[in-house]
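This report refers to the structure that appears directly beneath it.
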Amino acid sequence: MDKLVGIDEAIRRYYSQKAVSENLIQAILYSVDAGGKRIRPLILLEILEGFGLQLTDAHFDVAAALEMIHTGSLIHDDLPAMDNDDYRRGRLTNHKKFNEATAILAGDSLFLDPYGLIAEADLSATIKLDLVRELSYASGTFGMVGGQLLDMEGEERQLSLDELELIHANKTGKLLAFPFVAAGIIAELGADQIAALGKAGQLVGLAFQVRDDILDVTATFEEIGKTPQKDLLAEKSTYPSLLGLEKSYEILEDSLNQAQAIFQKLQANQGFDPQRINQVIERLRLNG
């Protein structure tokens with residue numbers, strides 16, 4: 001099965017249950033269907049295959065749960081009280097297509113429903129408990145949500161590099177590290193191997209944020225599907241604003257190289273096949 005199709009089918013299976021509100025389902029699926037690279041769930045599935053696992057519906061359910069939380073975060077990020085954006089992935093944001101209340105509730109659903117989806121997955125109770133704990137940690141108060149508040153508090157303020165790194169390690173990094181750790185949990189690896197995967201995830205998370213900051217400065221609306229230079233207009237500190245574009249490109253490259261080195265070590269010690277995850281990592285590089 002094509003992985004992107006499998007992820008989307010898992011989300012639709014969940015929302016094919018009898019609805020309490022059809023309008024809510026419509027708003028949820030509007031943002032789910034808005035496109036996007038699905039990089040977080042794809043990372044999970046590629047790493048599982050790299051460890052020799054045959055993908056099952058349960059694996060796609062976990063991947064779908066991760067994409068649901070990411071999509072919910074985008075709906076809320078675009079709200080007037082947050083980043084106040086009219087476009088996401090090249091079309092109207094959820095609150096512009098529907099209304100603010102509906103967008104807030106669609107985001108709420110996409111934050112809460114993934115735990116039900118994981119709970120119903122055909123995995124052992126221990127694995128599911130570990131996945132729920134890690135996903136909550138990565139996405140909630142001690143991860144993405146906490147980082148988002150730090151990001152908002154940092155607007156119109158000159159941040160230090162340490163402050164910027166703390167924001168993005170939580171706002172972006174932890175949810176991007178989750179599929180690396182989750183793959184280790186599902187594959188029932190040892191603590192050392194899961195920690196190594198987590199480190200690779202942190203490096204890719206850093207690279208992803210630096211890449212996003214670079215594109216905000218250099219790309220057009222057509223290239224990124226959202227309003228460019230939003231960070232500049234909001235007077236946000238970014239990697240290019242603090243370090244310049246050249247140094248930002250260096251950080252992006254170095255982070256991706258370090259992540260690939262971890263997978264090379266896993267190949268040597270665990271028989272991991274890094275080919276597919278390396279392809280995902282390579283797609284994050286930019287020609288600076």
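Residue numbers start at 1 in each chain; chains themselves are named A, B, ... in the order of the structure tokens; ligands are numbered from 1 in the order shown.
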Dump as a tab-separated table the rows for residues of region 59-162 of chain A within 7 Å of region 168-178 of chain A: closest atom pair and distance in Å with one decimal, only C-alpha atoms counted, ordered by chain and rising residue number.
```
residue	atom	partner	partner_atom	distance
A:Glu134	CA	A:Phe178	CA	7.0
A:Leu135	CA	A:Phe178	CA	6.6
A:Ala138	CA	A:Lys174	CA	4.9
A:Ser139	CA	A:Leu175	CA	6.0
A:Gly143	CA	A:Asn170	CA	4.5
A:Met144	CA	A:Lys171	CA	4.0
A:Val145	CA	A:Lys171	CA	6.5
A:Gly146	CA	A:Asn170	CA	6.8
A:Gly147	CA	A:Lys171	CA	4.0
A:Gln148	CA	A:Lys171	CA	5.3
```
Q. So which residues touch Gln279 (chain A) within 12 Å, counting only C-alpha atoms, skipping near sequence neighbours fewer than 2 positions away, as number ranges by chain?
A. A: 39, 42-43, 46-47, 256, 260, 273-277, 281-285
Export of the given selection (C-alpha atoms) as a short mmCIF file (atom, residue, chain, number, x, y, z; two decimals), in the first residue's frame:
```cif
data_model
loop_
_atom_site.label_atom_id
_atom_site.label_comp_id
_atom_site.auth_asym_id
_atom_site.auth_seq_id
_atom_site.Cartn_x
_atom_site.Cartn_y
_atom_site.Cartn_z
CA ILE A 39 6.68 14.01 6.84
CA LEU A 42 6.21 8.97 6.87
CA ILE A 43 9.31 9.08 9.08
CA GLU A 46 10.07 4.41 6.97
CA ILE A 47 11.97 3.69 10.19
CA LEU A 256 20.97 16.46 8.80
CA GLN A 260 22.28 10.34 9.07
CA ASP A 273 18.35 -0.37 6.48
CA PRO A 274 18.74 3.44 6.25
CA GLN A 275 17.95 3.85 2.56
CA ARG A 276 14.38 5.11 2.85
CA ILE A 277 14.85 7.36 5.89
CA ILE A 281 16.28 13.43 5.21
CA GLU A 282 17.82 14.35 1.86
CA ARG A 283 14.58 16.04 0.80
CA LEU A 284 15.01 18.51 3.69
CA ARG A 285 18.22 19.93 2.25
#
```
> Got a sec: who's within 12 Å of Arg12 (chain A), counting only C-alpha atoms, leaving out chain neighbours fewer than 3 positions off, as a VMD selection string?
Replying inline: chain A and resid 5 to 9 15 to 17 25 to 26 28 to 30 32 to 33 60 to 61 64 to 65 68 117
Those selected residues, please, written with N, CA and C atoms and delivered as a compact mmCIF listing (two decimals), in the first residue's frame.
```txt
# COMPACT_ATOMS: atom_id res chain seq x y z
N VAL A 5 -1.44 7.10 1.09
CA VAL A 5 -2.82 6.60 1.01
C VAL A 5 -3.19 5.91 2.32
N GLY A 6 -2.27 5.09 2.85
CA GLY A 6 -2.54 4.37 4.09
C GLY A 6 -2.77 5.29 5.27
N ILE A 7 -2.00 6.37 5.35
CA ILE A 7 -2.18 7.36 6.43
C ILE A 7 -3.56 8.00 6.33
N ASP A 8 -3.91 8.45 5.13
CA ASP A 8 -5.19 9.12 4.94
C ASP A 8 -6.36 8.17 5.18
N GLU A 9 -6.21 6.91 4.76
CA GLU A 9 -7.28 5.94 4.98
C GLU A 9 -7.49 5.67 6.47
N TYR A 15 -12.85 8.63 11.30
CA TYR A 15 -13.93 9.62 11.19
C TYR A 15 -15.14 9.10 10.40
N SER A 16 -15.12 7.84 10.00
CA SER A 16 -16.28 7.25 9.32
C SER A 16 -17.32 6.76 10.32
N GLN A 17 -16.99 6.81 11.61
CA GLN A 17 -17.98 6.45 12.62
C GLN A 17 -19.15 7.43 12.57
N ILE A 25 -16.99 17.21 11.38
CA ILE A 25 -16.22 16.26 10.56
C ILE A 25 -15.77 16.94 9.27
N GLN A 26 -16.67 17.73 8.68
CA GLN A 26 -16.33 18.44 7.44
C GLN A 26 -15.15 19.38 7.67
N ILE A 28 -12.85 19.21 10.07
CA ILE A 28 -11.65 18.40 10.36
C ILE A 28 -11.03 17.90 9.06
N LEU A 29 -11.85 17.29 8.21
CA LEU A 29 -11.33 16.70 6.98
C LEU A 29 -10.88 17.75 5.97
N TYR A 30 -11.45 18.96 6.05
CA TYR A 30 -10.99 20.05 5.18
C TYR A 30 -9.50 20.30 5.40
N VAL A 32 -7.36 18.18 7.08
CA VAL A 32 -6.63 16.92 6.84
C VAL A 32 -6.34 16.77 5.34
N ASP A 33 -7.31 17.14 4.51
CA ASP A 33 -7.20 16.95 3.06
C ASP A 33 -6.50 18.10 2.35
N PHE A 60 -0.22 2.19 10.69
CA PHE A 60 -0.82 3.34 10.01
C PHE A 60 -1.71 4.14 10.97
N ASP A 61 -2.34 3.46 11.93
CA ASP A 61 -3.14 4.17 12.92
C ASP A 61 -2.27 5.11 13.76
N ALA A 64 -1.25 7.97 11.60
CA ALA A 64 -2.39 8.87 11.41
C ALA A 64 -2.61 9.73 12.64
N ALA A 65 -2.47 9.15 13.82
CA ALA A 65 -2.66 9.90 15.07
C ALA A 65 -1.68 11.07 15.14
N MET A 68 -2.77 13.77 12.73
CA MET A 68 -3.94 14.48 13.24
C MET A 68 -3.53 15.59 14.22
N LEU A 117 -7.63 6.73 18.85
CA LEU A 117 -7.18 5.95 17.71
C LEU A 117 -6.04 5.00 18.11
```
Point to revise | Expected answer as a PyMOL selection string: helix (DSSP H, G or I) residues in region 63-228 of chain A | key: chain A and resi 63-77+94-97+100-119+125-139+144-153+161-186+191-218+221-224
(Q) Quick one: residues within 6 Å of region 180-182 of chain A, only C-alpha atoms, excluding same-chain residues fewer than 3 positions away - as a ChimeraX atom specification? (A) /A:177,185,194,197-198,201
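Between Pro240 (chain A) and the residues A:Leu161, A:Pro80, A:Ala261, A:Ile186, the shortest atom-to-atom distance, using only C-alpha atoms, involves A:Leu161.
Between Glu156 (chain A) and the candidates A:Ser136, A:Thr126, A:Ser109, A:Ser237, the tightest atom-to-atom separation, counting only C-alpha atoms, involves A:Ser237.
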All residues 9 Å or closer to Ala207 (chain A), only C-alpha atoms, same chain fewer than 4 positions away omitted, as a PyMOL selection string
chain A and resi 202-203+211-212+251-256+284-285
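Nearest to Tyr249 (chain A) of all the residues A:Leu150, A:Val210, A:Leu129, A:Leu53 is A:Val210, based on only C-alpha atoms.
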Min atom-atom distance to Thr93 (chain A) from the set A:Val132, A:Leu79, A:Ala58, A:Leu149, counting only C-alpha atoms, belongs to A:Leu79
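Restricting the calculation to only C-alpha atoms, the smallest distance between Tyr115 (chain A) and any of A:Leu74, A:Tyr14, A:Arg88, A:Glu188 is found for A:Tyr14.
Residues surrounding Ala27 (chain A) within 8 Å are Asn94, Phe98, Thr102, Ala103 and Ala106 of chain A [only C-alpha atoms; sequence separation below 5 positions excluded].
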Practice task
Please return as a ChimeraX atom specification: the residues of region 52-288 of chain A that backbone DSSP assigns to strand (DSSP E or B).
Solution key: /A:87-88,91-92
For the selection just defined, write its residues with N, CA and C atoms to a file, as a JSON list (two decimals), in the first residue's frame.
```
[["chain", "number", "residue", "atom", "x", "y", "z"],
["A", 87, "TYR", "N", -4.01, 31.86, 4.77],
["A", 87, "TYR", "CA", -3.77, 30.74, 3.86],
["A", 87, "TYR", "C", -2.85, 29.70, 4.52],
["A", 88, "ARG", "N", -3.14, 28.45, 4.20],
["A", 88, "ARG", "CA", -2.32, 27.33, 4.66],
["A", 88, "ARG", "C", -2.32, 26.30, 3.55],
["A", 91, "ARG", "N", -4.37, 27.23, 0.36],
["A", 91, "ARG", "CA", -5.80, 27.56, 0.33],
["A", 91, "ARG", "C", -6.22, 28.16, 1.65],
["A", 92, "LEU", "N", -7.48, 28.61, 1.71],
["A", 92, "LEU", "CA", -7.95, 29.32, 2.90],
["A", 92, "LEU", "C", -7.74, 28.49, 4.17]]
```
From the list A:Lys97, A:Gly90, A:Asn84, A:Leu110, the nearest residue to Gly72 (chain A) using only C-alpha atoms is A:Leu110
Test item: residues at most 8 Å from Met82 (chain A), only C-alpha atoms, excluding those fewer than 5 positions along its chain, as a short mmCIF file (atom, residue, chain, number, x, y, z; two decimals) with C-alpha atoms, in the first residue's frame:
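Dumped to around.cif:
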```cif
data_model
loop_
_atom_site.label_atom_id
_atom_site.label_comp_id
_atom_site.auth_asym_id
_atom_site.auth_seq_id
_atom_site.Cartn_x
_atom_site.Cartn_y
_atom_site.Cartn_z
CA HIS A 76 -4.83 26.72 15.85
CA ASP A 77 -1.57 28.37 14.71
CA MET A 152 4.32 34.10 21.13
#
```
